Structures are given as structure tokens and as C-alpha cells.
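Engineer: What follows is a structure written as C-alpha cells; I'll ask about it next.
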Amino acid sequence: IYQDGVRVRSQSQHESHESDFNRDTRVRFNIVSIRHYERILTENPSTVEGPSIGIGWNYDEEKDISLYHYEKYVQNNRKPSVSLVLNREQRQDILFDLGYTPRQIASAVRSNNRARNQRRQTVQNLKVARFEETVENVKGRCLNLFSLKKKDTSF
């Protein structure tokens with residue numbers, strides 16, 4: 001689970017009680033481990049405008065807390081989903097603060113645009129490809145039909 005650039009990992013306890021013919025299995029979660037992952041400049045063609053921000057592999061382990069305390073904290077501090085979306089300027093400011101150069105950011109944006117255009121082209125090509133596949137199938141069937149008729153007439 002990711003929240004605000006934080007990966008939340010739960011540890012579970014597994015209990016199993018077996019009776020004669022009835023097996024009762026329960027899973028309980030009791031500890032939540034919180035990690036703060038680094039934010040990095042990424043290439044993501046789903047970003048419509050400006051640079052993309054993602055999480056890297058490096059992280060800092062903050063602490064393990066009980067699930068009860070974590071749920072209490074989240075319940076009292078939950079942000080509306082609209083506030084989780086960053087606009088272009090906010091993402092650029094974060095990336096500048098992280099030490100990325102304007103050239104690196106511009107390069108990533110160009111890469112996003114290229115990938116987005118390639119995806120668009122692929123979708124267009126898929127429409128044509130279906131038609132071409134149908135034509136090839138019909139063509140192959142016709143050739144098979146004509147070759148069978150030639151064999152039949154040669155007897």
C-alpha cells in the first residue's frame with residue numbers, strides 16, 4: 001500500500017485450528033512497517049503535462065507501529081484524493097528541490113511525449129491491423145478453395 005510516497009507493509013499472524021472435518025483458518029494483522037521511499041524523475045507517458053515523479057528503490061525505514069495506532073492516525077489525517085494530484089509546477093518544484101536540472105526534466109518530458117505518441121500510433125495501427133488480418137484470412141481461404149478445385153478437376 002502506498003500513501004504519500006510511503007510504502008506500508010503489514011505483518012500478519014496466521015492461526016489455524018483443525019477440527020475433525022472443519023478447518024478454521026484466520027489471518028490477523030498486528031504490525032505496520034512504514035518506509036519512506038525516495039522520489040525520482042521518471043518517464044511515464046500517462047502524465048499529460050510536465051514531468052513525472054515516481055518512487056525509487058532506496059528507502060528509509062521509519063518504524064514499526066501497531067495496526068491499531070496506524071489506523072487511528074490514518075483515520076484522523078486522511079487527505080482527500082484530489083489533494084494527492086500534483087500539477088506541473090508542483091512536480092517541477094519538487095524535482096528542482098531534489099536536485100534535478102532543467103535539462104533532465106525537459107528530456108524526461110520529451111520522452112513522455114514520444115512514448116505517448118507511440119501508444120497513440122499503436123492504438124491506431126491496431127484498428128487497421130484487425131482489418132488487414134481479416135483480409136488475409138479471407139485471402140487464404142479463397143486460395144485454399146481454388147487450390148482444392150484445381151485438384152478436383154485434375155482427376
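Note on naming: chains are A, B, ... as they come in the C-alpha cells, residues start from 1 per chain, ligands start from 1 in the order shown.
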Excluding Asp93 (chain A) and its own-chain neighbours fewer than 4 positions away, which residues fall within 12 Å of it when counting only C-alpha atoms? Please give them as a PyMOL selection string.

Structural biologist: chain A and resi 41+50-53+86-89+97-102+105

Engineer: Please provide as a list in words all residues within 7 Å of region 66-77 of chain A, with the sequence filter that same-chain residues fewer than 5 positions apart are discarded (counting only C-alpha atoms).

Structural biologist: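 The neighbour list is Phe29, Asn30, Ile31 and Val32 of chain A.
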
Engineer: Among region 34-132 of chain A, which ones does DSSP assign to alpha helix (DSSP H) (computed from the backbone)? Answer as an MDAnalysis selection string.

Structural biologist: chainID A and resid 67:77 88:97 102:132

Engineer: Please list as number ranges by chain every residue within 9 Å of Glu62 (chain A), counting only C-alpha atoms and excluding residues in the same chain fewer than 3 positions away.

Structural biologist: A: 33-36

Engineer: Could you turn the residues from that selection into a file that holds N, CA, C and O atoms, as a PDB file, in the first residue's frame?

Structural biologist:
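Result file follows (part-v6.pdb):
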ATOM      1  N   SER A  33       4.761  -1.763   9.068  1.00  0.00           N
ATOM      2  CA  SER A  33       6.109  -1.214   8.882  1.00  0.00           C
ATOM      3  C   SER A  33       6.017  -0.087   7.861  1.00  0.00           C
ATOM      4  O   SER A  33       5.471  -0.267   6.779  1.00  0.00           O
ATOM      5  N   ILE A  34       6.566   1.064   8.199  1.00  0.00           N
ATOM      6  CA  ILE A  34       6.491   2.238   7.323  1.00  0.00           C
ATOM      7  C   ILE A  34       7.866   2.510   6.735  1.00  0.00           C
ATOM      8  O   ILE A  34       8.867   2.533   7.454  1.00  0.00           O
ATOM      9  N   ARG A  35       7.891   2.703   5.416  1.00  0.00           N
ATOM     10  CA  ARG A  35       9.120   3.060   4.707  1.00  0.00           C
ATOM     11  C   ARG A  35       8.874   4.348   3.932  1.00  0.00           C
ATOM     12  O   ARG A  35       7.841   4.511   3.312  1.00  0.00           O
ATOM     13  N   HIS A  36       9.849   5.225   3.939  1.00  0.00           N
ATOM     14  CA  HIS A  36       9.805   6.435   3.118  1.00  0.00           C
ATOM     15  C   HIS A  36      10.720   6.214   1.924  1.00  0.00           C
ATOM     16  O   HIS A  36      11.934   6.099   2.085  1.00  0.00           O
TER      17      HIS A  36
END

Engineer: Could you give me the residues within chain A that DSSP places in strand (DSSP E or B), as a PyMOL selection string?

Structural biologist: chain A and resi 2-3+6-18+23-42+52-66

Engineer: Go ahead and compute the interatomic distance for CA of Asn117 (chain A) and CA of Pro45 (chain A), in Å to one decimal.

Structural biologist: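 These atoms are spaced 8.7 Å apart.
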